[in-house]
Every structure is written in structure tokens, then in C-alpha cells.
Amino acid sequence: MSRSRRDLVWIPTFAVLVAFAVPWPLWGVDRVVAGLPVWIWWHVAWLGLCTALFSLFVRSGAWERGMGRGRESGPGSALGGDRP
């Protein structure tokens with residue numbers, strides 16, 4: 001199975017997301033912001049970024065291609081829904 005260049009961009013993107021999911025730069029930092037440690041805010045922001053990127057990943061169609069499903073008749077067809 002050959003992959004398009006657009007699909008291959010997602011591999012390093014997700015590798016970076018996994019690598020920085022642990023707040024390496026904040027180890028040993030005891031700073032508190034708004035009552036919570038800074039590393040918790042790191043996770044909140046990181047989860048927001050992951051959500052946005054995964055949404056782009058799904059909208060780009062790479063999810064369907066990676067799972068071996070093509071887009072037969074449009075964006076709603078991958079979810080199994082019928083269009084009126």
C-alpha cells in the first residue's frame with residue numbers, strides 16, 4: 001500500500017505529540033499558576049493541541065485511508081450514515 005505525501009506528514013507530527021506529552025521542560029519546576037502546578041497547565045494545553053490536530057487528521061481523510069476505507073460518496077459516508 002503506497003501512502004501519499006500528505007499522509008506521511010502525520011507520522012512525525014504524531015511522534016512529536018507523543019514525545020512532548022510528558023512535560024520534559026518542566027521537570028523540577030514548582031511554580032503554581034491559578035492554584036495548579038504549571039505542568040498541569042502544560043497537559044491542558046497539550047490535550048487541546050492534540051484534539052485540534054486529530055480533528056485535522058480526520059478531516060483530511062487520512063484516517064479513512066489508513067484504515068483501508070475510501071470516501072465513497074462524501075464526508076458523511078465514512079460514518080455509515082445515509083444521506084437523504
# chains A, B, ... in the order shown; residues from 1 in each chain; ligands from 1

$ residues_around --residues "Trp10 in chain A" --least-positions-apart "5" --cutoff "10 Å" --atoms "only C-alpha atoms" --output "list in words"
Arg5, Ala15, Val16, Leu53, Phe54, Phe57 and Ala62 of chain A

$ write_last_selection --atoms "C-alpha atoms" --output "PDB file, in the first residue's frame"
ATOM      1  CA  ARG A   5       2.993  12.626   0.997  1.00  0.00           C
ATOM      2  CA  ALA A  15       5.623  11.273  17.055  1.00  0.00           C
ATOM      3  CA  VAL A  16       6.266  14.830  18.284  1.00  0.00           C
ATOM      4  CA  LEU A  53      -4.513  18.116  15.228  1.00  0.00           C
ATOM      5  CA  PHE A  54      -6.513  14.903  15.412  1.00  0.00           C
ATOM      6  CA  PHE A  57      -6.143  14.430  10.647  1.00  0.00           C
ATOM      7  CA  ALA A  62      -6.014  10.201   6.305  1.00  0.00           C
TER       8      ALA A  62
END

$ closest_residue --among "A:Asp7, A:Ala52, A:Ile40, A:Gly66" --to "Val22 in chain A" --atoms "only C-alpha atoms"
A:Ile40

$ decode --residues "range 6-25 of chain A" --atoms "N, CA and C atoms" --output "PDB file, in the first residue's frame"
ATOM      1  N   ARG A   6       0.964  13.657   1.818  1.00  0.00           N
ATOM      2  CA  ARG A   6       0.129  14.273   2.859  1.00  0.00           C
ATOM      3  C   ARG A   6      -0.038  13.334   4.042  1.00  0.00           C
ATOM      4  N   ASP A   7      -0.213  12.068   3.773  1.00  0.00           N
ATOM      5  CA  ASP A   7      -0.392  11.100   4.851  1.00  0.00           C
ATOM      6  C   ASP A   7       0.904  10.884   5.631  1.00  0.00           C
ATOM      7  N   LEU A   8       2.042  10.927   4.949  1.00  0.00           N
ATOM      8  CA  LEU A   8       3.320  10.699   5.613  1.00  0.00           C
ATOM      9  C   LEU A   8       3.706  11.849   6.552  1.00  0.00           C
ATOM     10  N   VAL A   9       3.135  13.013   6.357  1.00  0.00           N
ATOM     11  CA  VAL A   9       3.404  14.149   7.251  1.00  0.00           C
ATOM     12  C   VAL A   9       2.848  13.870   8.644  1.00  0.00           C
ATOM     13  N   TRP A  10       1.790  13.065   8.723  1.00  0.00           N
ATOM     14  CA  TRP A  10       1.163  12.811  10.017  1.00  0.00           C
ATOM     15  C   TRP A  10       2.023  11.939  10.929  1.00  0.00           C
ATOM     16  N   ILE A  11       2.882  11.115  10.376  1.00  0.00           N
ATOM     17  CA  ILE A  11       3.709  10.223  11.202  1.00  0.00           C
ATOM     18  C   ILE A  11       4.640  11.027  12.118  1.00  0.00           C
ATOM     19  N   PRO A  12       5.463  11.944  11.594  1.00  0.00           N
ATOM     20  CA  PRO A  12       6.302  12.722  12.516  1.00  0.00           C
ATOM     21  C   PRO A  12       5.492  13.675  13.392  1.00  0.00           C
ATOM     22  N   THR A  13       4.351  14.124  12.895  1.00  0.00           N
ATOM     23  CA  THR A  13       3.508  15.007  13.706  1.00  0.00           C
ATOM     24  C   THR A  13       3.059  14.292  14.969  1.00  0.00           C
ATOM     25  N   PHE A  14       2.562  13.076  14.829  1.00  0.00           N
ATOM     26  CA  PHE A  14       2.107  12.341  15.996  1.00  0.00           C
ATOM     27  C   PHE A  14       3.282  11.875  16.862  1.00  0.00           C
ATOM     28  N   ALA A  15       4.445  11.630  16.261  1.00  0.00           N
ATOM     29  CA  ALA A  15       5.623  11.273  17.055  1.00  0.00           C
ATOM     30  C   ALA A  15       6.027  12.428  17.969  1.00  0.00           C
ATOM     31  N   VAL A  16       5.954  13.653  17.460  1.00  0.00           N
ATOM     32  CA  VAL A  16       6.266  14.830  18.284  1.00  0.00           C
ATOM     33  C   VAL A  16       5.223  14.997  19.383  1.00  0.00           C
ATOM     34  N   LEU A  17       3.959  14.770  19.050  1.00  0.00           N
ATOM     35  CA  LEU A  17       2.912  14.872  20.073  1.00  0.00           C
ATOM     36  C   LEU A  17       3.134  13.882  21.204  1.00  0.00           C
ATOM     37  N   VAL A  18       3.545  12.671  20.867  1.00  0.00           N
ATOM     38  CA  VAL A  18       3.797  11.662  21.893  1.00  0.00           C
ATOM     39  C   VAL A  18       5.037  12.032  22.711  1.00  0.00           C
ATOM     40  N   ALA A  19       6.090  12.498  22.038  1.00  0.00           N
ATOM     41  CA  ALA A  19       7.338  12.823  22.732  1.00  0.00           C
ATOM     42  C   ALA A  19       7.166  13.946  23.746  1.00  0.00           C
ATOM     43  N   PHE A  20       6.346  14.932  23.412  1.00  0.00           N
ATOM     44  CA  PHE A  20       6.179  16.067  24.311  1.00  0.00           C
ATOM     45  C   PHE A  20       4.929  15.979  25.175  1.00  0.00           C
ATOM     46  N   ALA A  21       4.288  14.832  25.183  1.00  0.00           N
ATOM     47  CA  ALA A  21       3.135  14.650  26.073  1.00  0.00           C
ATOM     48  C   ALA A  21       3.584  14.704  27.532  1.00  0.00           C
ATOM     49  N   VAL A  22       4.798  14.252  27.793  1.00  0.00           N
ATOM     50  CA  VAL A  22       5.390  14.382  29.124  1.00  0.00           C
ATOM     51  C   VAL A  22       6.074  15.748  29.170  1.00  0.00           C
ATOM     52  N   PRO A  23       5.800  16.546  30.177  1.00  0.00           N
ATOM     53  CA  PRO A  23       6.354  17.914  30.215  1.00  0.00           C
ATOM     54  C   PRO A  23       7.835  17.939  30.598  1.00  0.00           C
ATOM     55  N   TRP A  24       8.694  17.425  29.721  1.00  0.00           N
ATOM     56  CA  TRP A  24      10.139  17.362  29.986  1.00  0.00           C
ATOM     57  C   TRP A  24      10.715  18.709  30.408  1.00  0.00           C
ATOM     58  N   PRO A  25      10.372  19.812  29.746  1.00  0.00           N
ATOM     59  CA  PRO A  25      10.993  21.101  30.127  1.00  0.00           C
ATOM     60  C   PRO A  25      10.582  21.575  31.516  1.00  0.00           C
TER      61      PRO A  25
END
